[in-house]
>>> print(open('coords03.pdb').read())   # PDB, C-alpha atoms and all ligand atoms
ATOM      1  CA  MET E   1     -82.232 -32.095-131.479  1.00  0.00           C
ATOM      2  CA  GLU E   2     -80.020 -29.948-133.732  1.00  0.00           C
ATOM      3  CA  ASN E   3     -79.732 -26.295-132.767  1.00  0.00           C
ATOM      4  CA  PRO E   4     -81.090 -24.268-135.723  1.00  0.00           C
ATOM      5  CA  ALA E   5     -79.235 -21.101-136.650  1.00  0.00           C
ATOM      6  CA  GLY E   6     -79.891 -18.301-134.200  1.00  0.00           C
ATOM      7  CA  VAL E   7     -82.016 -20.362-131.825  1.00  0.00           C
ATOM      8  CA  ARG E   8     -80.449 -20.726-128.406  1.00  0.00           C
ATOM      9  CA  GLY E   9     -80.041 -24.231-127.047  1.00  0.00           C
ATOM     10  CA  TYR E  10     -82.338 -23.707-124.049  1.00  0.00           C
ATOM     11  CA  VAL E  11     -85.210 -22.815-126.428  1.00  0.00           C
ATOM     12  CA  VAL E  12     -84.720 -26.103-128.271  1.00  0.00           C
ATOM     13  CA  THR E  13     -84.647 -27.861-124.885  1.00  0.00           C
ATOM     14  CA  ALA E  14     -87.871 -26.119-123.816  1.00  0.00           C
ATOM     15  CA  VAL E  15     -89.704 -27.180-126.963  1.00  0.00           C
ATOM     16  CA  ASP E  16     -88.399 -30.734-126.634  1.00  0.00           C
ATOM     17  CA  VAL E  17     -89.518 -30.828-122.993  1.00  0.00           C
ATOM     18  CA  ALA E  18     -92.948 -29.404-123.859  1.00  0.00           C
ATOM     19  CA  GLY E  19     -93.384 -32.317-126.258  1.00  0.00           C
ATOM     20  CA  ARG E  20     -95.585 -32.497-129.285  1.00  0.00           C
ATOM     21  CA  PRO E  21     -98.034 -29.608-129.367  1.00  0.00           C
ATOM     22  CA  GLY E  22    -101.312 -31.323-128.705  1.00  0.00           C
ATOM     23  CA  ARG E  23    -104.705 -30.026-127.624  1.00  0.00           C
ATOM     24  CA  SER E  24    -103.240 -26.662-126.588  1.00  0.00           C
ATOM     25  CA  ASN E  25    -100.510 -25.760-129.004  1.00  0.00           C
ATOM     26  CA  ILE E  26    -100.348 -22.145-127.874  1.00  0.00           C
ATOM     27  CA  ALA E  27     -96.954 -20.655-127.067  1.00  0.00           C
ATOM     28  CA  ILE E  28     -96.360 -17.094-125.842  1.00  0.00           C
ATOM     29  CA  ASP E  29     -93.138 -15.183-126.420  1.00  0.00           C
ATOM     30  CA  LEU E  30     -92.902 -12.272-123.965  1.00  0.00           C
ATOM     31  CA  GLY E  31     -90.609  -9.478-125.136  1.00  0.00           C
ATOM     32  CA  CYS E  32     -89.870 -11.481-128.288  1.00  0.00           C
ATOM     33  CA  GLY E  33     -87.498  -8.828-129.702  1.00  0.00           C
ATOM     34  CA  SER E  34     -87.184 -10.527-133.094  1.00  0.00           C
ATOM     35  CA  ASP E  35     -88.739 -13.236-135.245  1.00  0.00           C
ATOM     36  CA  VAL E  36     -86.195 -15.907-134.294  1.00  0.00           C
ATOM     37  CA  VAL E  37     -88.068 -17.700-131.515  1.00  0.00           C
ATOM     38  CA  PRO E  38     -91.615 -17.154-132.892  1.00  0.00           C
ATOM     39  CA  LEU E  39     -90.651 -18.613-136.297  1.00  0.00           C
ATOM     40  CA  TYR E  40     -88.814 -21.506-134.687  1.00  0.00           C
ATOM     41  CA  LEU E  41     -91.879 -22.317-132.581  1.00  0.00           C
ATOM     42  CA  ILE E  42     -94.147 -22.156-135.619  1.00  0.00           C
ATOM     43  CA  GLY E  43     -91.774 -24.520-137.419  1.00  0.00           C
ATOM     44  CA  ARG E  44     -92.153 -26.938-134.504  1.00  0.00           C
ATOM     45  CA  GLY E  45     -95.944 -26.894-134.823  1.00  0.00           C
ATOM     46  CA  TRP E  46     -96.962 -24.216-132.320  1.00  0.00           C
ATOM     47  CA  ARG E  47     -99.376 -21.304-132.602  1.00  0.00           C
ATOM     48  CA  VAL E  48     -97.531 -18.274-131.270  1.00  0.00           C
ATOM     49  CA  LEU E  49     -98.610 -15.110-129.509  1.00  0.00           C
ATOM     50  CA  ALA E  50     -95.585 -12.805-129.680  1.00  0.00           C
ATOM     51  CA  ILE E  51     -95.721  -9.740-127.434  1.00  0.00           C
ATOM     52  CA  ASP E  52     -93.351  -6.790-127.508  1.00  0.00           C
ATOM     53  CA  LYS E  53     -93.784  -3.166-126.559  1.00  0.00           C
ATOM     54  CA  ASP E  54     -91.560  -2.048-129.451  1.00  0.00           C
ATOM     55  CA  PRO E  55     -93.781  -1.265-132.463  1.00  0.00           C
ATOM     56  CA  THR E  56     -90.889  -1.877-134.909  1.00  0.00           C
ATOM     57  CA  VAL E  57     -90.463  -5.426-133.656  1.00  0.00           C
ATOM     58  CA  VAL E  58     -94.202  -6.062-133.933  1.00  0.00           C
ATOM     59  CA  ALA E  59     -94.473  -4.559-137.434  1.00  0.00           C
ATOM     60  CA  HIS E  60     -91.629  -6.807-138.611  1.00  0.00           C
ATOM     61  CA  LEU E  61     -93.279  -9.861-137.114  1.00  0.00           C
ATOM     62  CA  ARG E  62     -96.631  -9.049-138.674  1.00  0.00           C
ATOM     63  CA  ALA E  63     -94.955  -8.709-142.072  1.00  0.00           C
ATOM     64  CA  ARG E  64     -93.312 -12.114-141.581  1.00  0.00           C
ATOM     65  CA  ALA E  65     -96.620 -13.638-140.543  1.00  0.00           C
ATOM     66  CA  GLU E  66     -98.328 -12.286-143.642  1.00  0.00           C
ATOM     67  CA  LYS E  67     -95.526 -13.573-145.879  1.00  0.00           C
ATOM     68  CA  GLN E  68     -95.727 -17.013-144.318  1.00  0.00           C
ATOM     69  CA  ARG E  69     -99.511 -17.125-144.597  1.00  0.00           C
ATOM     70  CA  SER E  70     -99.474 -19.770-141.881  1.00  0.00           C
ATOM     71  CA  GLY E  71    -101.994 -17.929-139.717  1.00  0.00           C
ATOM     72  CA  ARG E  72    -100.200 -19.304-136.686  1.00  0.00           C
ATOM     73  CA  LEU E  73     -98.518 -16.111-135.542  1.00  0.00           C
ATOM     74  CA  SER E  74    -100.193 -13.225-133.701  1.00  0.00           C
ATOM     75  CA  ALA E  75     -97.964 -10.279-132.943  1.00  0.00           C
ATOM     76  CA  VAL E  76     -99.195  -7.803-130.364  1.00  0.00           C
ATOM     77  CA  CYS E  77     -97.653  -4.488-129.392  1.00  0.00           C
ATOM     78  CA  ALA E  78     -98.228  -4.318-125.643  1.00  0.00           C
ATOM     79  CA  ASP E  79     -96.629  -4.159-122.218  1.00  0.00           C
ATOM     80  CA  PHE E  80     -96.428  -7.702-120.881  1.00  0.00           C
ATOM     81  CA  GLN E  81     -96.983  -6.320-117.396  1.00  0.00           C
ATOM     82  CA  GLU E  82    -100.481  -5.265-118.406  1.00  0.00           C
ATOM     83  CA  ILE E  83    -101.815  -7.447-121.226  1.00  0.00           C
ATOM     84  CA  PRO E  84    -103.978 -10.419-120.156  1.00  0.00           C
ATOM     85  CA  LEU E  85    -102.238 -13.675-121.030  1.00  0.00           C
ATOM     86  CA  PRO E  86    -104.252 -16.478-122.644  1.00  0.00           C
ATOM     87  CA  ARG E  87    -103.804 -20.070-121.486  1.00  0.00           C
ATOM     88  CA  ALA E  88    -100.716 -21.606-123.071  1.00  0.00           C
ATOM     89  CA  SER E  89     -98.508 -24.668-122.905  1.00  0.00           C
ATOM     90  CA  LEU E  90     -95.213 -22.886-123.422  1.00  0.00           C
ATOM     91  CA  ILE E  91     -94.102 -19.414-122.327  1.00  0.00           C
ATOM     92  CA  HIS E  92     -90.759 -17.974-123.365  1.00  0.00           C
ATOM     93  CA  ALA E  93     -89.265 -14.767-121.986  1.00  0.00           C
ATOM     94  CA  GLY E  94     -85.694 -14.319-123.229  1.00  0.00           C
ATOM     95  CA  TYR E  95     -83.758 -11.478-121.559  1.00  0.00           C
ATOM     96  CA  ALA E  96     -87.040  -9.670-120.969  1.00  0.00           C
ATOM     97  CA  LEU E  97     -88.349 -10.228-117.428  1.00  0.00           C
ATOM     98  CA  GLN E  98     -85.686  -7.956-115.925  1.00  0.00           C
ATOM     99  CA  TYR E  99     -87.702  -5.101-117.440  1.00  0.00           C
ATOM    100  CA  ALA E 100     -90.631  -5.881-115.183  1.00  0.00           C
ATOM    101  CA  HIS E 101     -90.556  -3.412-112.314  1.00  0.00           C
ATOM    102  CA  PRO E 102     -89.647  -5.164-109.034  1.00  0.00           C
ATOM    103  CA  ALA E 103     -92.908  -3.904-107.494  1.00  0.00           C
ATOM    104  CA  SER E 104     -94.966  -5.665-110.173  1.00  0.00           C
ATOM    105  CA  PHE E 105     -92.804  -8.741-110.759  1.00  0.00           C
ATOM    106  CA  ALA E 106     -94.761 -10.965-108.341  1.00  0.00           C
ATOM    107  CA  ASP E 107     -97.997 -10.156-110.144  1.00  0.00           C
ATOM    108  CA  LEU E 108     -96.417 -10.842-113.550  1.00  0.00           C
ATOM    109  CA  TRP E 109     -95.024 -14.156-112.335  1.00  0.00           C
ATOM    110  CA  ARG E 110     -98.407 -15.127-110.887  1.00  0.00           C
ATOM    111  CA  ARG E 111    -100.033 -14.373-114.257  1.00  0.00           C
ATOM    112  CA  ILE E 112     -97.372 -16.356-116.161  1.00  0.00           C
ATOM    113  CA  SER E 113     -97.804 -19.358-113.859  1.00  0.00           C
ATOM    114  CA  ALA E 114    -101.614 -19.135-114.020  1.00  0.00           C
ATOM    115  CA  ALA E 115    -101.593 -18.904-117.830  1.00  0.00           C
ATOM    116  CA  LEU E 116     -99.692 -22.159-118.198  1.00  0.00           C
ATOM    117  CA  TYR E 117    -101.672 -25.386-118.407  1.00  0.00           C
ATOM    118  CA  PRO E 118    -100.590 -28.289-116.199  1.00  0.00           C
ATOM    119  CA  ASP E 119     -97.360 -29.695-117.680  1.00  0.00           C
ATOM    120  CA  GLY E 120     -96.751 -26.266-119.234  1.00  0.00           C
ATOM    121  CA  VAL E 121     -93.191 -25.115-119.747  1.00  0.00           C
ATOM    122  CA  PHE E 122     -91.518 -21.804-118.941  1.00  0.00           C
ATOM    123  CA  ALA E 123     -88.188 -20.889-120.553  1.00  0.00           C
ATOM    124  CA  GLY E 124     -86.251 -17.697-120.134  1.00  0.00           C
ATOM    125  CA  HIS E 125     -83.808 -15.551-118.241  1.00  0.00           C
ATOM    126  CA  PHE E 126     -83.660 -13.740-114.923  1.00  0.00           C
ATOM    127  CA  PHE E 127     -81.067 -11.140-114.026  1.00  0.00           C
ATOM    128  CA  GLY E 128     -78.851 -12.026-111.079  1.00  0.00           C
ATOM    129  CA  GLN E 129     -77.944  -9.520-108.403  1.00  0.00           C
ATOM    130  CA  LYS E 130     -74.369  -9.115-109.640  1.00  0.00           C
ATOM    131  CA  ASP E 131     -75.469  -7.913-113.072  1.00  0.00           C
ATOM    132  CA  GLN E 132     -74.199  -4.381-113.631  1.00  0.00           C
ATOM    133  CA  PHE E 133     -77.783  -3.164-114.168  1.00  0.00           C
ATOM    134  CA  ALA E 134     -79.125  -4.809-111.003  1.00  0.00           C
ATOM    135  CA  LYS E 135     -78.215  -1.708-108.997  1.00  0.00           C
ATOM    136  CA  TYR E 136     -80.882   0.284-110.833  1.00  0.00           C
ATOM    137  CA  ASP E 137     -84.238   0.246-109.071  1.00  0.00           C
ATOM    138  CA  GLN E 138     -86.326  -0.370-112.169  1.00  0.00           C
ATOM    139  CA  PHE E 139     -84.866  -3.809-112.952  1.00  0.00           C
ATOM    140  CA  SER E 140     -85.944  -7.090-111.407  1.00  0.00           C
ATOM    141  CA  ALA E 141     -82.907  -9.100-110.305  1.00  0.00           C
ATOM    142  CA  PHE E 142     -82.698 -12.222-108.160  1.00  0.00           C
ATOM    143  CA  LYS E 143     -80.507 -14.186-105.824  1.00  0.00           C
ATOM    144  CA  SER E 144     -80.258 -17.857-106.745  1.00  0.00           C
ATOM    145  CA  GLU E 145     -82.148 -18.762-103.540  1.00  0.00           C
ATOM    146  CA  ALA E 146     -85.053 -16.438-104.422  1.00  0.00           C
ATOM    147  CA  LEU E 147     -85.321 -17.977-107.877  1.00  0.00           C
ATOM    148  CA  GLN E 148     -85.322 -21.450-106.384  1.00  0.00           C
ATOM    149  CA  ILE E 149     -88.294 -20.405-104.253  1.00  0.00           C
ATOM    150  CA  LEU E 150     -90.040 -19.054-107.369  1.00  0.00           C
ATOM    151  CA  PHE E 151     -89.649 -22.481-108.984  1.00  0.00           C
ATOM    152  CA  ALA E 152     -90.224 -24.555-105.850  1.00  0.00           C
ATOM    153  CA  ASP E 153     -93.246 -26.361-107.308  1.00  0.00           C
ATOM    154  CA  TRP E 154     -91.799 -26.802-110.804  1.00  0.00           C
ATOM    155  CA  ARG E 155     -89.624 -29.521-112.310  1.00  0.00           C
ATOM    156  CA  ILE E 156     -86.369 -27.896-113.357  1.00  0.00           C
ATOM    157  CA  GLU E 157     -85.268 -29.099-116.796  1.00  0.00           C
ATOM    158  CA  HIS E 158     -82.380 -26.665-117.296  1.00  0.00           C
ATOM    159  CA  TRP E 159     -80.704 -24.219-114.910  1.00  0.00           C
ATOM    160  CA  HIS E 160     -77.609 -22.269-115.813  1.00  0.00           C
ATOM    161  CA  GLU E 161     -76.020 -19.317-114.038  1.00  0.00           C
ATOM    162  CA  PHE E 162     -73.682 -17.018-115.965  1.00  0.00           C
ATOM    163  CA  HIS E 163     -71.568 -14.334-114.333  1.00  0.00           C
ATOM    164  CA  GLY E 164     -68.940 -12.697-116.479  1.00  0.00           C
ATOM    165  CA  PRO E 165     -68.134 -10.361-119.344  1.00  0.00           C
ATOM    166  CA  GLY E 166     -70.298 -10.300-122.462  1.00  0.00           C
ATOM    167  CA  HIS E 167     -69.006 -12.047-125.580  1.00  0.00           C
ATOM    168  CA  ARG E 168     -69.717  -9.105-127.859  1.00  0.00           C
ATOM    169  CA  ASP E 169     -68.857  -6.389-125.347  1.00  0.00           C
ATOM    170  CA  PRO E 170     -66.424  -7.604-122.681  1.00  0.00           C
ATOM    171  CA  SER E 171     -66.870  -4.340-120.748  1.00  0.00           C
ATOM    172  CA  ARG E 172     -70.492  -5.353-120.008  1.00  0.00           C
ATOM    173  CA  LEU E 173     -70.655  -7.507-116.879  1.00  0.00           C
ATOM    174  CA  TRP E 174     -73.549  -9.937-116.969  1.00  0.00           C
ATOM    175  CA  HIS E 175     -75.111 -12.048-114.282  1.00  0.00           C
ATOM    176  CA  PHE E 176     -78.152 -14.017-115.288  1.00  0.00           C
ATOM    177  CA  PHE E 177     -79.890 -17.335-114.921  1.00  0.00           C
ATOM    178  CA  THR E 178     -81.258 -19.351-117.822  1.00  0.00           C
ATOM    179  CA  VAL E 179     -84.128 -21.537-116.700  1.00  0.00           C
ATOM    180  CA  VAL E 180     -86.341 -24.127-118.364  1.00  0.00           C
ATOM    181  CA  ALA E 181     -88.944 -25.574-116.013  1.00  0.00           C
ATOM    182  CA  LYS E 182     -92.140 -27.562-116.217  1.00  0.00           C
ATOM    183  CA  LEU E 183     -95.260 -27.213-114.096  1.00  0.00           C
ATOM    184  CA  PRO E 184     -96.628 -30.374-112.517  1.00  0.00           C
ATOM    185  CA  GLY E 185     -99.333 -32.172-114.497  1.00  0.00           C
ATOM    186  CA  ASN E 186    -102.809 -33.020-113.295  1.00  0.00           C
ATOM    187  CA  PRO E 187    -102.803 -35.875-110.790  1.00  0.00           C
ATOM    188  CA  THR E 188    -104.058 -39.032-112.546  1.00  0.00           C
TER     189      THR E 188
HETATM  190  C1  LIG P 201     -83.164  -7.726-124.651  1.00  0.00           C
HETATM  191  S1  LIG P 201     -84.522  -7.895-125.729  1.00  0.00           S
HETATM  192  C2  LIG P 201     -84.694  -9.654-125.786  1.00  0.00           C
HETATM  193  C3  LIG P 201     -85.257 -10.147-127.083  1.00  0.00           C
HETATM  194  C4  LIG P 201     -85.477 -11.653-127.209  1.00  0.00           C
HETATM  195  N1  LIG P 201     -86.519 -12.128-126.332  1.00  0.00           N
HETATM  196  C5  LIG P 201     -84.220 -12.437-126.969  1.00  0.00           C
HETATM  197  O1  LIG P 201     -84.271 -13.435-126.221  1.00  0.00           O
HETATM  198  O2  LIG P 201     -83.195 -12.096-127.551  1.00  0.00           O
HETATM  199  C6  LIG P 201     -85.892  -7.428-124.700  1.00  0.00           C
HETATM  200  C7  LIG P 201     -87.173  -7.209-125.470  1.00  0.00           C
HETATM  201  O3  LIG P 201     -88.223  -7.078-124.519  1.00  0.00           O
HETATM  202  C8  LIG P 201     -89.051  -6.004-124.918  1.00  0.00           C
HETATM  203  N2  LIG P 201     -89.694  -5.495-123.699  1.00  0.00           N
HETATM  204  C9  LIG P 201     -89.078  -4.921-122.625  1.00  0.00           C
HETATM  205  N3  LIG P 201     -89.978  -4.602-121.671  1.00  0.00           N
HETATM  206  C10 LIG P 201     -91.196  -4.979-122.158  1.00  0.00           C
HETATM  207  C11 LIG P 201     -92.518  -4.918-121.633  1.00  0.00           C
HETATM  208  N4  LIG P 201     -92.769  -4.405-120.428  1.00  0.00           N
HETATM  209  N5  LIG P 201     -93.521  -5.401-122.392  1.00  0.00           N
HETATM  210  C12 LIG P 201     -93.274  -5.928-123.618  1.00  0.00           C
HETATM  211  N6  LIG P 201     -92.034  -6.017-124.162  1.00  0.00           N
HETATM  212  C13 LIG P 201     -91.007  -5.555-123.441  1.00  0.00           C
HETATM  213  C14 LIG P 201     -88.137  -5.011-125.603  1.00  0.00           C
HETATM  214  O4  LIG P 201     -88.847  -4.161-126.485  1.00  0.00           O
HETATM  215  C15 LIG P 201     -87.174  -5.953-126.330  1.00  0.00           C
HETATM  216  O5  LIG P 201     -87.614  -6.270-127.638  1.00  0.00           O
END
>>> encode(input="coords03.pdb", output="structure tokens")
Amino acid sequence: MENPAGVRGYVVTAVDVAGRPGRSNIAIDLGCGSDVVPLYLIGRGWRVLAIDKDPTVVAHLRARAEKQRSGRLSAVCADFQEIPLPRASLIHAGYALQYAHPASFADLWRRISAALYPDGVFAGHFFGQKDQFAKYDQFSAFKSEALQILFADWRIEHWHEFHGPGHRDPSRLWHFFTVVAKLPGNPT
């Protein structure tokens, strides 16, 4: 499918992999940061719960939701490490999960996995250990092997590791993984 302006390719892949929103057409965007992914998901037929702890982001999203009058966007100002997650078929977390404290990451990941229905899709990023911020204790960063263990029971649909300078700011050294993965379905 064509990559709409501003929507990263892995998000398009995730929505394609998730298929047509059916009985549960709920998607969650953790640390959404902007309206780009929530509006794209709505355009693809999803109901979206967008969560961000930044009140400016949430106010902007609420204004967009009101303008659209679609009733398919809920924007909540909250810490994704604390807010209960409803059941969903698609969870996106773009450049956000590194902000989960390492001590609480396992609990967050358990809640993300438990919120997804069978056949549910996760899409997002994880910091690698060579990222320049990985040395700070408050960020969650992973070795490739540890991430593979995290996704041991999932079907990997997209896996990309980037280690290098940023495009906008070449002095910023990035190391991150982009992952799209699907939970197993119910046995038939
Ligand atoms: C780097 S931005 C990424 C934005 C967007 N998801 C993307 O892919 O471009 C990270 C976002 O996560 C939000 N965020 C960070 N920690 C959070 C937390 N614990 N709970 C909710 N939102 C959080 C920030 O406010 C920010 O909007």
>>> resolve_selection(input="coords03.pdb", expression="the PyMOL selection byres (((not hetatm)) within 7 of (chain P and resi 201))", output="list in words")
Leu30, Gly31, Cys32, Gly33, Ser34, Ile51, Asp52, Lys53, Asp54, Val57, Ala78, Asp79, Phe80, Gln81, Ala93, Gly94, Tyr95, Ala96, Tyr99 and Ala100 of chain E
>>> write_last_selection(input="coords03.pdb", atoms="C-alpha atoms", output="compact mmCIF listing (two decimals), in the frame of the given file")
# COMPACT_ATOMS: atom_id res chain seq x y z
CA LEU E 30 -92.90 -12.27 -123.96
CA GLY E 31 -90.61 -9.48 -125.14
CA CYS E 32 -89.87 -11.48 -128.29
CA GLY E 33 -87.50 -8.83 -129.70
CA SER E 34 -87.18 -10.53 -133.09
CA ILE E 51 -95.72 -9.74 -127.43
CA ASP E 52 -93.35 -6.79 -127.51
CA LYS E 53 -93.78 -3.17 -126.56
CA ASP E 54 -91.56 -2.05 -129.45
CA VAL E 57 -90.46 -5.43 -133.66
CA ALA E 78 -98.23 -4.32 -125.64
CA ASP E 79 -96.63 -4.16 -122.22
CA PHE E 80 -96.43 -7.70 -120.88
CA GLN E 81 -96.98 -6.32 -117.40
CA ALA E 93 -89.26 -14.77 -121.99
CA GLY E 94 -85.69 -14.32 -123.23
CA TYR E 95 -83.76 -11.48 -121.56
CA ALA E 96 -87.04 -9.67 -120.97
CA TYR E 99 -87.70 -5.10 -117.44
CA ALA E 100 -90.63 -5.88 -115.18
>>> resolve_selection(input="coords03.pdb", expression="the PyMOL selection byres (((chain E and resi 36) around 12) and not hetatm)", output="list of chain:residue names")
E:Pro4, E:Ala5, E:Gly6, E:Val7, E:Arg8, E:Val11, E:Val12, E:Asp29, E:Cys32, E:Gly33, E:Ser34, E:Asp35, E:Val37, E:Pro38, E:Leu39, E:Tyr40, E:Leu41, E:Ile42, E:Gly43, E:Val48, E:Ala50, E:Val57, E:His60, E:Leu61, E:Arg64, E:Gly94
>>> write_last_selection(input="coords03.pdb", atoms="C-alpha atoms", output="mmCIF file, in the frame of the given file")
data_model
loop_
_atom_site.group_PDB
_atom_site.id
_atom_site.type_symbol
_atom_site.label_atom_id
_atom_site.label_comp_id
_atom_site.auth_asym_id
_atom_site.auth_seq_id
_atom_site.Cartn_x
_atom_site.Cartn_y
_atom_site.Cartn_z
ATOM 1 C CA PRO E 4 -81.090 -24.268 -135.723
ATOM 2 C CA ALA E 5 -79.235 -21.101 -136.650
ATOM 3 C CA GLY E 6 -79.891 -18.301 -134.200
ATOM 4 C CA VAL E 7 -82.016 -20.362 -131.825
ATOM 5 C CA ARG E 8 -80.449 -20.726 -128.406
ATOM 6 C CA VAL E 11 -85.210 -22.815 -126.428
ATOM 7 C CA VAL E 12 -84.720 -26.103 -128.271
ATOM 8 C CA ASP E 29 -93.138 -15.183 -126.420
ATOM 9 C CA CYS E 32 -89.870 -11.481 -128.288
ATOM 10 C CA GLY E 33 -87.498 -8.828 -129.702
ATOM 11 C CA SER E 34 -87.184 -10.527 -133.094
ATOM 12 C CA ASP E 35 -88.739 -13.236 -135.245
ATOM 13 C CA VAL E 37 -88.068 -17.700 -131.515
ATOM 14 C CA PRO E 38 -91.615 -17.154 -132.892
ATOM 15 C CA LEU E 39 -90.651 -18.613 -136.297
ATOM 16 C CA TYR E 40 -88.814 -21.506 -134.687
ATOM 17 C CA LEU E 41 -91.879 -22.317 -132.581
ATOM 18 C CA ILE E 42 -94.147 -22.156 -135.619
ATOM 19 C CA GLY E 43 -91.774 -24.520 -137.419
ATOM 20 C CA VAL E 48 -97.531 -18.274 -131.270
ATOM 21 C CA ALA E 50 -95.585 -12.805 -129.680
ATOM 22 C CA VAL E 57 -90.463 -5.426 -133.656
ATOM 23 C CA HIS E 60 -91.629 -6.807 -138.611
ATOM 24 C CA LEU E 61 -93.279 -9.861 -137.114
ATOM 25 C CA ARG E 64 -93.312 -12.114 -141.581
ATOM 26 C CA GLY E 94 -85.694 -14.319 -123.229
#
>>> residues_around(input="coords03.pdb", residues="Lys143 in chain E", least_positions_apart="3", cutoff="6 Å", atoms="only C-alpha atoms", output="PyMOL selection string")
chain E and resi 128-129+146
>>> resolve_selection(input="coords03.pdb", expression="the PyMOL selection byres (((chain E and resi 111) around 12) and not hetatm)", output="MDAnalysis selection string")
chainID E and resid 80:88 91 104:110 112:117
>>> write_last_selection(input="coords03.pdb", atoms="C-alpha atoms", output="compact mmCIF listing (two decimals), in the coordinates of the input")
# COMPACT_ATOMS: atom_id res chain seq x y z
CA PHE E 80 -96.43 -7.70 -120.88
CA GLN E 81 -96.98 -6.32 -117.40
CA GLU E 82 -100.48 -5.26 -118.41
CA ILE E 83 -101.82 -7.45 -121.23
CA PRO E 84 -103.98 -10.42 -120.16
CA LEU E 85 -102.24 -13.68 -121.03
CA PRO E 86 -104.25 -16.48 -122.64
CA ARG E 87 -103.80 -20.07 -121.49
CA ALA E 88 -100.72 -21.61 -123.07
CA ILE E 91 -94.10 -19.41 -122.33
CA SER E 104 -94.97 -5.66 -110.17
CA PHE E 105 -92.80 -8.74 -110.76
CA ALA E 106 -94.76 -10.96 -108.34
CA ASP E 107 -98.00 -10.16 -110.14
CA LEU E 108 -96.42 -10.84 -113.55
CA TRP E 109 -95.02 -14.16 -112.34
CA ARG E 110 -98.41 -15.13 -110.89
CA ILE E 112 -97.37 -16.36 -116.16
CA SER E 113 -97.80 -19.36 -113.86
CA ALA E 114 -101.61 -19.14 -114.02
CA ALA E 115 -101.59 -18.90 -117.83
CA LEU E 116 -99.69 -22.16 -118.20
CA TYR E 117 -101.67 -25.39 -118.41
>>> atom_distance(input="coords03.pdb", atom1="CA of Arg62 in chain E", atom2="CA of Ser24 in chain E")
22.4 Å
>>> residues_around(input="coords03.pdb", residues="Lys130 in chain E", least_positions_apart="6", cutoff="10 Å", atoms="all atoms listed in the file", output="CSV table (one decimal) with C-alpha atoms, in the frame of the given file")
chain,number,residue,atom,x,y,z
E,141,ALA,CA,-82.9,-9.1,-110.3
E,142,PHE,CA,-82.7,-12.2,-108.2
E,143,LYS,CA,-80.5,-14.2,-105.8
E,163,HIS,CA,-71.6,-14.3,-114.3
E,164,GLY,CA,-68.9,-12.7,-116.5
E,173,LEU,CA,-70.7,-7.5,-116.9
E,174,TRP,CA,-73.5,-9.9,-117.0
E,175,HIS,CA,-75.1,-12.0,-114.3
E,176,PHE,CA,-78.2,-14.0,-115.3
>>> residues_near_point(input="coords03.pdb", point="(-79.4, -22.0, -120.2)", cutoff="6 Å", atoms="only C-alpha atoms", output="ChimeraX atom specification")
/E:10,159-160,178-179
